[in-house]
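Student: start17.cif is reproduced in full below (mmCIF, N, CA and C atoms).
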```
data_input
#
loop_
_atom_site.label_atom_id
_atom_site.label_comp_id
_atom_site.auth_asym_id
_atom_site.auth_seq_id
_atom_site.Cartn_x
_atom_site.Cartn_y
_atom_site.Cartn_z
N MET V 1 31.56 2.17 29.40
CA MET V 1 30.95 1.67 30.60
C MET V 1 30.35 2.83 31.39
N GLY V 2 29.19 2.64 31.98
CA GLY V 2 28.52 3.68 32.74
C GLY V 2 29.25 4.02 34.02
N ARG V 3 28.78 5.06 34.63
CA ARG V 3 29.39 5.50 35.89
C ARG V 3 28.81 4.70 37.03
N TYR V 4 29.64 3.91 37.67
CA TYR V 4 29.19 3.09 38.79
C TYR V 4 29.29 3.86 40.08
N VAL V 5 28.43 3.51 41.02
CA VAL V 5 28.49 4.12 42.34
C VAL V 5 28.63 3.03 43.39
N GLY V 6 29.17 3.39 44.51
CA GLY V 6 29.24 2.51 45.66
C GLY V 6 29.90 1.18 45.41
N ILE V 7 29.21 0.13 45.81
CA ILE V 7 29.77 -1.22 45.78
C ILE V 7 30.03 -1.66 44.34
N GLU V 8 29.11 -1.33 43.42
CA GLU V 8 29.32 -1.71 42.01
C GLU V 8 30.64 -1.17 41.48
N ARG V 9 30.94 0.10 41.79
CA ARG V 9 32.17 0.72 41.32
C ARG V 9 33.39 0.03 41.94
N LEU V 10 33.31 -0.26 43.22
CA LEU V 10 34.44 -0.91 43.89
C LEU V 10 34.72 -2.30 43.30
N ILE V 11 33.66 -3.04 43.01
CA ILE V 11 33.85 -4.36 42.40
C ILE V 11 34.40 -4.20 40.99
N GLU V 12 33.88 -3.23 40.24
CA GLU V 12 34.39 -2.99 38.88
C GLU V 12 35.87 -2.63 38.91
N GLU V 13 36.28 -1.81 39.86
CA GLU V 13 37.68 -1.41 39.98
C GLU V 13 38.58 -2.58 40.38
N ASN V 14 38.00 -3.58 41.01
CA ASN V 14 38.77 -4.73 41.49
C ASN V 14 38.26 -6.03 40.87
N LYS V 15 37.81 -5.96 39.62
CA LYS V 15 37.15 -7.13 39.03
C LYS V 15 38.08 -8.32 38.86
N ALA V 16 39.36 -8.09 38.63
CA ALA V 16 40.28 -9.23 38.51
C ALA V 16 40.31 -10.00 39.83
N ARG V 17 40.40 -9.28 40.94
CA ARG V 17 40.41 -9.94 42.26
C ARG V 17 39.05 -10.58 42.54
N TYR V 18 37.97 -9.93 42.13
CA TYR V 18 36.62 -10.47 42.31
C TYR V 18 36.51 -11.85 41.65
N TYR V 19 36.89 -11.93 40.36
CA TYR V 19 36.79 -13.19 39.64
C TYR V 19 37.75 -14.24 40.21
N GLU V 20 38.91 -13.79 40.64
CA GLU V 20 39.88 -14.71 41.24
C GLU V 20 39.32 -15.35 42.51
N THR V 21 38.76 -14.53 43.40
CA THR V 21 38.21 -15.06 44.65
C THR V 21 36.95 -15.88 44.40
N LEU V 22 36.16 -15.50 43.41
CA LEU V 22 34.97 -16.28 43.06
C LEU V 22 35.38 -17.67 42.57
N GLU V 23 36.43 -17.73 41.75
CA GLU V 23 36.92 -19.01 41.26
C GLU V 23 37.50 -19.85 42.40
N GLN V 24 38.28 -19.21 43.27
CA GLN V 24 38.86 -19.93 44.40
C GLN V 24 37.77 -20.47 45.32
N GLY V 25 36.75 -19.67 45.55
CA GLY V 25 35.68 -20.08 46.46
C GLY V 25 34.79 -21.17 45.92
N SER V 26 34.73 -21.30 44.61
CA SER V 26 33.85 -22.32 44.03
C SER V 26 34.61 -23.58 43.58
N ALA V 27 35.93 -23.54 43.64
CA ALA V 27 36.73 -24.72 43.25
C ALA V 27 36.37 -25.90 44.14
N GLY V 28 36.03 -27.01 43.52
CA GLY V 28 35.69 -28.22 44.27
C GLY V 28 34.27 -28.24 44.79
N TRP V 29 33.44 -27.31 44.33
CA TRP V 29 32.07 -27.21 44.83
C TRP V 29 31.27 -28.47 44.53
N HIS V 30 31.42 -29.03 43.34
CA HIS V 30 30.67 -30.23 42.95
C HIS V 30 31.01 -31.43 43.81
N GLU V 31 32.20 -31.45 44.35
CA GLU V 31 32.62 -32.55 45.20
C GLU V 31 32.41 -32.24 46.68
N GLY V 32 31.89 -31.05 46.97
CA GLY V 32 31.66 -30.65 48.36
C GLY V 32 32.92 -30.22 49.08
N GLY V 33 33.94 -29.85 48.32
CA GLY V 33 35.22 -29.49 48.94
C GLY V 33 35.62 -28.05 48.72
N ASN V 34 34.66 -27.19 48.46
CA ASN V 34 35.01 -25.79 48.20
C ASN V 34 35.25 -25.03 49.51
N ASP V 35 36.03 -23.96 49.40
CA ASP V 35 36.33 -23.08 50.55
C ASP V 35 35.97 -21.66 50.15
N PRO V 36 34.82 -21.18 50.57
CA PRO V 36 34.34 -19.86 50.12
C PRO V 36 35.01 -18.67 50.81
N TRP V 37 35.95 -18.89 51.72
CA TRP V 37 36.46 -17.79 52.54
C TRP V 37 37.21 -16.72 51.77
N SER V 38 37.88 -17.06 50.69
CA SER V 38 38.57 -16.01 49.93
C SER V 38 37.54 -15.05 49.33
N TYR V 39 36.43 -15.58 48.83
CA TYR V 39 35.37 -14.74 48.27
C TYR V 39 34.66 -13.95 49.37
N VAL V 40 34.37 -14.61 50.48
CA VAL V 40 33.71 -13.93 51.61
C VAL V 40 34.58 -12.77 52.11
N ASN V 41 35.87 -13.00 52.21
CA ASN V 41 36.78 -11.93 52.65
C ASN V 41 36.82 -10.78 51.66
N PHE V 42 36.77 -11.09 50.36
CA PHE V 42 36.72 -10.04 49.33
C PHE V 42 35.46 -9.19 49.50
N VAL V 43 34.31 -9.86 49.68
CA VAL V 43 33.04 -9.14 49.84
C VAL V 43 33.09 -8.27 51.10
N LEU V 44 33.60 -8.81 52.19
CA LEU V 44 33.67 -8.02 53.42
C LEU V 44 34.61 -6.83 53.28
N ALA V 45 35.74 -7.01 52.62
CA ALA V 45 36.67 -5.89 52.40
C ALA V 45 36.04 -4.83 51.51
N THR V 46 35.26 -5.25 50.51
CA THR V 46 34.57 -4.31 49.63
C THR V 46 33.53 -3.52 50.41
N LEU V 47 32.77 -4.20 51.26
CA LEU V 47 31.77 -3.52 52.08
C LEU V 47 32.42 -2.53 53.05
N LYS V 48 33.54 -2.92 53.61
CA LYS V 48 34.27 -2.02 54.52
C LYS V 48 34.74 -0.78 53.78
N SER V 49 35.26 -0.96 52.58
CA SER V 49 35.71 0.16 51.77
C SER V 49 34.53 1.07 51.40
N ALA V 50 33.40 0.46 51.01
CA ALA V 50 32.21 1.24 50.66
C ALA V 50 31.71 2.03 51.87
N TYR V 51 31.74 1.42 53.03
CA TYR V 51 31.32 2.11 54.25
C TYR V 51 32.24 3.30 54.53
N GLY V 52 33.55 3.12 54.34
CA GLY V 52 34.49 4.22 54.55
C GLY V 52 34.21 5.37 53.61
N GLU V 53 33.91 5.06 52.33
CA GLU V 53 33.58 6.11 51.36
C GLU V 53 32.30 6.83 51.76
N MET V 54 31.30 6.05 52.19
CA MET V 54 30.05 6.67 52.61
C MET V 54 30.27 7.60 53.80
N GLU V 55 31.09 7.17 54.72
CA GLU V 55 31.40 7.97 55.90
C GLU V 55 32.04 9.31 55.49
N ARG V 56 32.98 9.25 54.54
CA ARG V 56 33.62 10.49 54.06
C ARG V 56 32.62 11.38 53.35
N GLN V 57 31.71 10.79 52.59
CA GLN V 57 30.70 11.58 51.88
C GLN V 57 29.78 12.30 52.87
N VAL V 58 29.40 11.61 53.93
CA VAL V 58 28.54 12.23 54.93
C VAL V 58 29.28 13.37 55.63
N GLU V 59 30.53 13.15 55.95
CA GLU V 59 31.33 14.19 56.60
C GLU V 59 31.45 15.43 55.71
N ASN V 60 31.59 15.22 54.40
CA ASN V 60 31.79 16.32 53.47
C ASN V 60 30.49 16.97 53.01
N SER V 61 29.35 16.32 53.25
CA SER V 61 28.10 16.84 52.72
C SER V 61 27.63 18.09 53.46
N ALA V 62 27.99 18.24 54.69
CA ALA V 62 27.57 19.40 55.46
C ALA V 62 28.75 20.35 55.67
N SER V 63 29.42 20.65 54.59
CA SER V 63 30.63 21.46 54.67
C SER V 63 30.30 22.95 54.71
N PRO V 64 31.04 23.72 55.49
CA PRO V 64 30.84 25.16 55.48
C PRO V 64 31.27 25.76 54.14
N ARG V 65 30.80 26.96 53.86
CA ARG V 65 31.08 27.63 52.59
C ARG V 65 32.59 27.73 52.35
N GLY V 66 33.01 27.35 51.15
CA GLY V 66 34.42 27.42 50.78
C GLY V 66 35.21 26.16 51.08
N SER V 67 34.63 25.26 51.87
CA SER V 67 35.39 24.07 52.24
C SER V 67 35.52 23.09 51.07
N LYS V 68 34.55 23.07 50.16
CA LYS V 68 34.66 22.18 49.01
C LYS V 68 35.79 22.64 48.09
N THR V 69 35.94 23.94 47.93
CA THR V 69 37.05 24.47 47.15
C THR V 69 38.37 24.05 47.80
N ALA V 70 38.44 24.20 49.10
CA ALA V 70 39.66 23.82 49.83
C ALA V 70 39.92 22.32 49.71
N LEU V 71 38.85 21.53 49.72
CA LEU V 71 39.00 20.08 49.59
C LEU V 71 39.58 19.72 48.23
N VAL V 72 39.08 20.34 47.16
CA VAL V 72 39.58 20.07 45.81
C VAL V 72 41.04 20.53 45.70
N GLU V 73 41.33 21.73 46.21
CA GLU V 73 42.70 22.24 46.16
C GLU V 73 43.66 21.32 46.91
N ALA V 74 43.23 20.83 48.07
CA ALA V 74 44.08 19.93 48.85
C ALA V 74 44.32 18.62 48.09
N ALA V 75 43.29 18.12 47.43
CA ALA V 75 43.44 16.88 46.65
C ALA V 75 44.42 17.09 45.50
N ILE V 76 44.34 18.24 44.86
CA ILE V 76 45.26 18.54 43.75
C ILE V 76 46.69 18.62 44.26
N HIS V 77 46.89 19.25 45.40
CA HIS V 77 48.24 19.43 45.93
C HIS V 77 48.87 18.12 46.39
N THR V 78 48.05 17.09 46.62
CA THR V 78 48.62 15.79 47.01
C THR V 78 49.01 14.96 45.80
N LYS V 79 48.60 15.36 44.61
CA LYS V 79 48.90 14.59 43.40
C LYS V 79 50.35 14.79 42.99
N ALA V 80 51.04 13.68 42.73
CA ALA V 80 52.45 13.75 42.34
C ALA V 80 52.63 13.90 40.84
N GLY V 81 51.70 13.37 40.07
CA GLY V 81 51.80 13.42 38.61
C GLY V 81 50.50 13.91 38.02
N PRO V 82 50.29 13.61 36.75
CA PRO V 82 49.05 14.03 36.10
C PRO V 82 47.83 13.42 36.78
N PHE V 83 46.72 14.13 36.73
CA PHE V 83 45.47 13.67 37.34
C PHE V 83 44.32 14.11 36.46
N SER V 84 43.18 13.47 36.65
CA SER V 84 42.00 13.77 35.86
C SER V 84 40.87 14.27 36.76
N VAL V 85 39.81 14.73 36.14
CA VAL V 85 38.64 15.16 36.90
C VAL V 85 38.07 13.97 37.67
N VAL V 86 38.09 12.79 37.06
CA VAL V 86 37.59 11.58 37.73
C VAL V 86 38.42 11.28 38.98
N ASP V 87 39.74 11.45 38.89
CA ASP V 87 40.59 11.25 40.08
C ASP V 87 40.17 12.18 41.20
N LEU V 88 39.87 13.42 40.85
CA LEU V 88 39.46 14.40 41.87
C LEU V 88 38.08 14.08 42.41
N GLU V 89 37.19 13.57 41.57
CA GLU V 89 35.85 13.17 42.05
C GLU V 89 35.98 12.07 43.09
N ARG V 90 36.87 11.12 42.84
CA ARG V 90 37.07 10.03 43.80
C ARG V 90 37.66 10.54 45.10
N ALA V 91 38.56 11.49 45.00
CA ALA V 91 39.23 12.02 46.20
C ALA V 91 38.36 13.00 46.96
N CYS V 92 37.36 13.58 46.29
CA CYS V 92 36.54 14.63 46.90
C CYS V 92 35.07 14.23 46.88
N ALA V 93 34.75 13.21 47.60
CA ALA V 93 33.36 12.75 47.65
C ALA V 93 32.45 13.89 48.10
N GLY V 94 31.34 14.02 47.42
CA GLY V 94 30.38 15.06 47.78
C GLY V 94 30.59 16.37 47.05
N VAL V 95 31.64 16.45 46.23
CA VAL V 95 31.91 17.67 45.47
C VAL V 95 31.49 17.40 44.02
N SER V 96 30.69 18.28 43.46
CA SER V 96 30.19 18.07 42.11
C SER V 96 31.29 18.24 41.07
N ARG V 97 31.06 17.65 39.92
CA ARG V 97 32.00 17.77 38.81
C ARG V 97 32.13 19.23 38.38
N ASP V 98 31.01 19.96 38.38
CA ASP V 98 31.05 21.38 38.02
C ASP V 98 31.93 22.18 38.97
N MET V 99 31.82 21.88 40.26
CA MET V 99 32.65 22.57 41.26
C MET V 99 34.13 22.25 41.03
N ILE V 100 34.44 20.99 40.75
CA ILE V 100 35.83 20.60 40.49
C ILE V 100 36.35 21.35 39.28
N ARG V 101 35.55 21.43 38.23
CA ARG V 101 35.97 22.15 37.03
C ARG V 101 36.16 23.63 37.31
N ARG V 102 35.31 24.20 38.14
CA ARG V 102 35.45 25.62 38.51
C ARG V 102 36.78 25.86 39.23
N VAL V 103 37.12 24.98 40.15
CA VAL V 103 38.38 25.12 40.89
C VAL V 103 39.56 24.94 39.94
N LEU V 104 39.47 23.96 39.04
CA LEU V 104 40.54 23.76 38.06
C LEU V 104 40.73 25.02 37.21
N GLY V 105 39.63 25.63 36.79
CA GLY V 105 39.71 26.86 36.00
C GLY V 105 40.37 27.99 36.76
N GLN V 106 40.03 28.13 38.04
CA GLN V 106 40.65 29.17 38.86
C GLN V 106 42.15 28.95 39.02
N LEU V 107 42.51 27.69 39.29
CA LEU V 107 43.93 27.39 39.48
C LEU V 107 44.71 27.54 38.18
N ARG V 108 44.08 27.21 37.05
CA ARG V 108 44.73 27.41 35.76
C ARG V 108 44.92 28.91 35.51
N ALA V 109 43.90 29.71 35.80
CA ALA V 109 44.00 31.16 35.61
C ALA V 109 45.09 31.76 36.49
N ASN V 110 45.31 31.17 37.66
CA ASN V 110 46.35 31.65 38.58
C ASN V 110 47.73 31.12 38.21
N GLY V 111 47.79 30.23 37.20
CA GLY V 111 49.07 29.69 36.76
C GLY V 111 49.61 28.57 37.62
N GLU V 112 48.74 27.97 38.46
CA GLU V 112 49.20 26.91 39.36
C GLU V 112 49.16 25.54 38.72
N ILE V 113 48.26 25.34 37.76
CA ILE V 113 48.13 24.06 37.08
C ILE V 113 47.98 24.29 35.58
N GLU V 114 48.16 23.21 34.82
CA GLU V 114 47.94 23.31 33.38
C GLU V 114 47.24 22.06 32.88
N SER V 115 46.49 22.23 31.81
CA SER V 115 45.78 21.13 31.19
C SER V 115 46.69 20.44 30.18
N LEU V 116 46.64 19.11 30.16
CA LEU V 116 47.45 18.35 29.22
C LEU V 116 46.59 17.79 28.09
N GLY V 117 45.43 18.35 27.91
CA GLY V 117 44.53 17.89 26.86
C GLY V 117 43.21 18.61 26.95
N ARG V 118 42.27 18.16 26.13
CA ARG V 118 40.94 18.76 26.12
C ARG V 118 39.90 17.66 26.19
N GLY V 119 38.72 18.03 26.62
CA GLY V 119 37.61 17.09 26.64
C GLY V 119 37.57 16.25 27.90
N PRO V 120 36.68 15.27 27.90
CA PRO V 120 36.45 14.46 29.10
C PRO V 120 37.67 13.66 29.56
N GLY V 121 38.56 13.31 28.64
CA GLY V 121 39.74 12.52 29.03
C GLY V 121 40.96 13.35 29.35
N ALA V 122 40.79 14.67 29.44
CA ALA V 122 41.94 15.55 29.69
C ALA V 122 42.57 15.24 31.06
N THR V 123 43.87 15.39 31.10
CA THR V 123 44.58 15.29 32.37
C THR V 123 45.17 16.65 32.70
N TRP V 124 45.51 16.82 33.95
CA TRP V 124 46.04 18.07 34.47
C TRP V 124 47.31 17.76 35.23
N ARG V 125 48.12 18.81 35.43
CA ARG V 125 49.29 18.64 36.30
C ARG V 125 49.61 19.99 36.93
N LYS V 126 50.29 19.88 38.07
CA LYS V 126 50.73 21.10 38.76
C LYS V 126 51.93 21.67 38.02
N LYS V 127 52.04 22.98 38.03
CA LYS V 127 53.21 23.63 37.45
C LYS V 127 54.29 23.77 38.51
N GLY V 128 55.53 23.71 38.07
CA GLY V 128 56.65 23.94 38.98
C GLY V 128 56.97 22.79 39.76
#
```
Let me see whether you can do it: turn the structure in this file into structure tokens.

Tutor:
Amino acid sequence: MGRYVGIERLIEENKARYYETLEQGSAGWHEGGNDPWSYVNFVLATLKSAYGEMERQVENSASPRGSKTALVEAAIHTKAGPFSVVDLERACAGVSRDMIRRVLGQLRANGEIESLGRGPGATWRKKG
């Protein structure tokens, strides 16, 4: 599956709930007895979440030098278990994948984290 952005990604991540609310909202439609509010509430919650992500991206886009490194490091330090580059991309809106990989390389060289695999699906974890 391709890399989704914004609302498409949020719906993809919550597709079970999307289909559930769509079914609930259309039940009884042919008889004129449907109640679309579960679907409407899902759409509104998705839009609210997308707006929150956009807000964070705007806040992070004009970051002073070194702040993106600090943002990635802070995201890593909040992780309790294994994490992936994709997890860090989600947590660090506005930070490029290359920058995330650079920070991971620095932290690995410092002995703070270790890789649990290779390639795009590799996961990482903190040492100690």

Student: For Val72 of chain V, which residue among V:Gly105, V:Met54, V:Cys92, V:Val86 is the nearest when counting only C-alpha atoms?

Tutor: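 That would be V:Cys92, the residue with the smallest distance to Val72 of chain V.
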
Student: If you apply the PyMOL selection byres ((chain V and resi 82) around 6) to this file, what residues do you get, as number ranges by chain?

Tutor: V: 80-81, 83-84, 123-125

Student: So which bits of chain V end up helix (DSSP H, G or I) when you DSSP the backbone, as a PyMOL selection string?

Tutor: chain V and resi 6-13+15-26+29-31+37-61+67-78+85-91+97-109

Student: So which residues touch Leu88 of chain V within 8 Å, counting only N, CA and C atoms, skipping near sequence neighbours fewer than 6 positions away, as a PDB file with N, CA and C atoms, in the frame of the given file?

Tutor:
```pdb
ATOM      1  N   VAL V  72      39.080  20.340  47.160  1.00  0.00           N
ATOM      2  CA  VAL V  72      39.580  20.070  45.810  1.00  0.00           C
ATOM      3  C   VAL V  72      41.040  20.530  45.700  1.00  0.00           C
ATOM      4  N   ALA V  75      43.290  18.120  47.430  1.00  0.00           N
ATOM      5  CA  ALA V  75      43.440  16.880  46.650  1.00  0.00           C
ATOM      6  C   ALA V  75      44.420  17.090  45.500  1.00  0.00           C
ATOM      7  N   ILE V  76      44.340  18.240  44.860  1.00  0.00           N
ATOM      8  CA  ILE V  76      45.260  18.540  43.750  1.00  0.00           C
ATOM      9  C   ILE V  76      46.690  18.620  44.260  1.00  0.00           C
ATOM     10  N   VAL V  95      31.640  16.450  46.230  1.00  0.00           N
ATOM     11  CA  VAL V  95      31.910  17.670  45.470  1.00  0.00           C
ATOM     12  C   VAL V  95      31.490  17.400  44.020  1.00  0.00           C
ATOM     13  N   ARG V  97      31.060  17.650  39.920  1.00  0.00           N
ATOM     14  CA  ARG V  97      32.000  17.770  38.810  1.00  0.00           C
ATOM     15  C   ARG V  97      32.130  19.230  38.380  1.00  0.00           C
ATOM     16  N   ILE V 100      34.440  20.990  40.750  1.00  0.00           N
ATOM     17  CA  ILE V 100      35.830  20.600  40.490  1.00  0.00           C
ATOM     18  C   ILE V 100      36.350  21.350  39.280  1.00  0.00           C
TER      19      ILE V 100
END
```

Student: Within 7 Å of Thr46 of chain V, counting only N, CA and C atoms, which residues show up once you throw out same-chain ones fewer than 3 positions away? Write them as a list in words, please.

Tutor: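 Neighbouring residues, sequence-local ones excluded: Ile7, Leu10, Ile11, Asn41, Phe42, Val43, Ser49, Ala50 and Tyr51 of chain V.
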
Student: At what distance in Å, to one decimal, does atom CA of Val40 of chain V lie from atom CA of Asn14 of chain V?

Tutor: 14.6 Å

Student: Assuming the chain letters and numbering stay as they are in my file, what does the PyMOL selection byres (((chain V and resi 107 and name CA) around 12) and name CA) actually select? List them as a list in words.

Tutor: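 Output of the PyMOL selection byres (((chain V and resi 107 and name CA) around 12) and name CA): Thr69, Ala70, Val72, Glu73, Ala74, Ile76, His77, Ile100, Arg101, Arg102, Val103, Leu104, Gly105, Gln106, Arg108, Ala109, Asn110, Gly111, Glu112, Ile113, Glu114, Ser115, Trp124, Arg125, Lys126 and Lys127 of chain V.
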
Student: Go ahead and write the selection's residues with N, CA and C atoms as a short mmCIF file (atom, residue, chain, number, x, y, z; two decimals), keeping the file's coordinate frame.

Tutor:
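Generated file (out.cif):
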```
data_model
loop_
_atom_site.label_atom_id
_atom_site.label_comp_id
_atom_site.auth_asym_id
_atom_site.auth_seq_id
_atom_site.Cartn_x
_atom_site.Cartn_y
_atom_site.Cartn_z
N THR V 69 35.94 23.94 47.93
CA THR V 69 37.05 24.47 47.15
C THR V 69 38.37 24.05 47.80
N ALA V 70 38.44 24.20 49.10
CA ALA V 70 39.66 23.82 49.83
C ALA V 70 39.92 22.32 49.71
N VAL V 72 39.08 20.34 47.16
CA VAL V 72 39.58 20.07 45.81
C VAL V 72 41.04 20.53 45.70
N GLU V 73 41.33 21.73 46.21
CA GLU V 73 42.70 22.24 46.16
C GLU V 73 43.66 21.32 46.91
N ALA V 74 43.23 20.83 48.07
CA ALA V 74 44.08 19.93 48.85
C ALA V 74 44.32 18.62 48.09
N ILE V 76 44.34 18.24 44.86
CA ILE V 76 45.26 18.54 43.75
C ILE V 76 46.69 18.62 44.26
N HIS V 77 46.89 19.25 45.40
CA HIS V 77 48.24 19.43 45.93
C HIS V 77 48.87 18.12 46.39
N ILE V 100 34.44 20.99 40.75
CA ILE V 100 35.83 20.60 40.49
C ILE V 100 36.35 21.35 39.28
N ARG V 101 35.55 21.43 38.23
CA ARG V 101 35.97 22.15 37.03
C ARG V 101 36.16 23.63 37.31
N ARG V 102 35.31 24.20 38.14
CA ARG V 102 35.45 25.62 38.51
C ARG V 102 36.78 25.86 39.23
N VAL V 103 37.12 24.98 40.15
CA VAL V 103 38.38 25.12 40.89
C VAL V 103 39.56 24.94 39.94
N LEU V 104 39.47 23.96 39.04
CA LEU V 104 40.54 23.76 38.06
C LEU V 104 40.73 25.02 37.21
N GLY V 105 39.63 25.63 36.79
CA GLY V 105 39.71 26.86 36.00
C GLY V 105 40.37 27.99 36.76
N GLN V 106 40.03 28.13 38.04
CA GLN V 106 40.65 29.17 38.86
C GLN V 106 42.15 28.95 39.02
N ARG V 108 44.08 27.21 37.05
CA ARG V 108 44.73 27.41 35.76
C ARG V 108 44.92 28.91 35.51
N ALA V 109 43.90 29.71 35.80
CA ALA V 109 44.00 31.16 35.61
C ALA V 109 45.09 31.76 36.49
N ASN V 110 45.31 31.17 37.66
CA ASN V 110 46.35 31.65 38.58
C ASN V 110 47.73 31.12 38.21
N GLY V 111 47.79 30.23 37.20
CA GLY V 111 49.07 29.69 36.76
C GLY V 111 49.61 28.57 37.62
N GLU V 112 48.74 27.97 38.46
CA GLU V 112 49.20 26.91 39.36
C GLU V 112 49.16 25.54 38.72
N ILE V 113 48.26 25.34 37.76
CA ILE V 113 48.13 24.06 37.08
C ILE V 113 47.98 24.29 35.58
N GLU V 114 48.16 23.21 34.82
CA GLU V 114 47.94 23.31 33.38
C GLU V 114 47.24 22.06 32.88
N SER V 115 46.49 22.23 31.81
CA SER V 115 45.78 21.13 31.19
C SER V 115 46.69 20.44 30.18
N TRP V 124 45.51 16.82 33.95
CA TRP V 124 46.04 18.07 34.47
C TRP V 124 47.31 17.76 35.23
N ARG V 125 48.12 18.81 35.43
CA ARG V 125 49.29 18.64 36.30
C ARG V 125 49.61 19.99 36.93
N LYS V 126 50.29 19.88 38.07
CA LYS V 126 50.73 21.10 38.76
C LYS V 126 51.93 21.67 38.02
N LYS V 127 52.04 22.98 38.03
CA LYS V 127 53.21 23.63 37.45
C LYS V 127 54.29 23.77 38.51
#
```

Student: Rounded to one decimal, what separation in Å do you get between atom C of Glu20 of chain V and atom C of Ser38 of chain V?

Tutor: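 Distance between the two atoms: 7.1 Å.
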
Student: Give me, as a list in words, all polymer residues having an atom no more than 6.5 Å from Asp35 of chain V, counting only N, CA and C atoms and skipping those fewer than 6 positions away in the same chain.

Tutor: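 Listed by chain and then number, they are Gln24, Gly25, Ser26 and Ala27 of chain V.
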
Student: Quote the spacing between atom CA of Gly119 of chain V and atom CA of Ser96 of chain V in Å to one decimal place.

Tutor: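 These two atoms are separated by 17.2 Å.
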
Student: Given the file shown, enumerate the residues that the PyMOL selection byres (((chain V and resi 93 and name CA) around 8) and name CA) captures and present them as a ChimeraX atom specification.

Tutor: /V:53,56-57,60,89-92,94-95

Student: Between V:Ala122, V:Leu47, V:Leu71, V:Glu31, single out the one closest to Val85 of chain V, counting all atoms listed in the file.

Tutor: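 Closest to Val85 of chain V, using all atoms listed in the file: V:Ala122.
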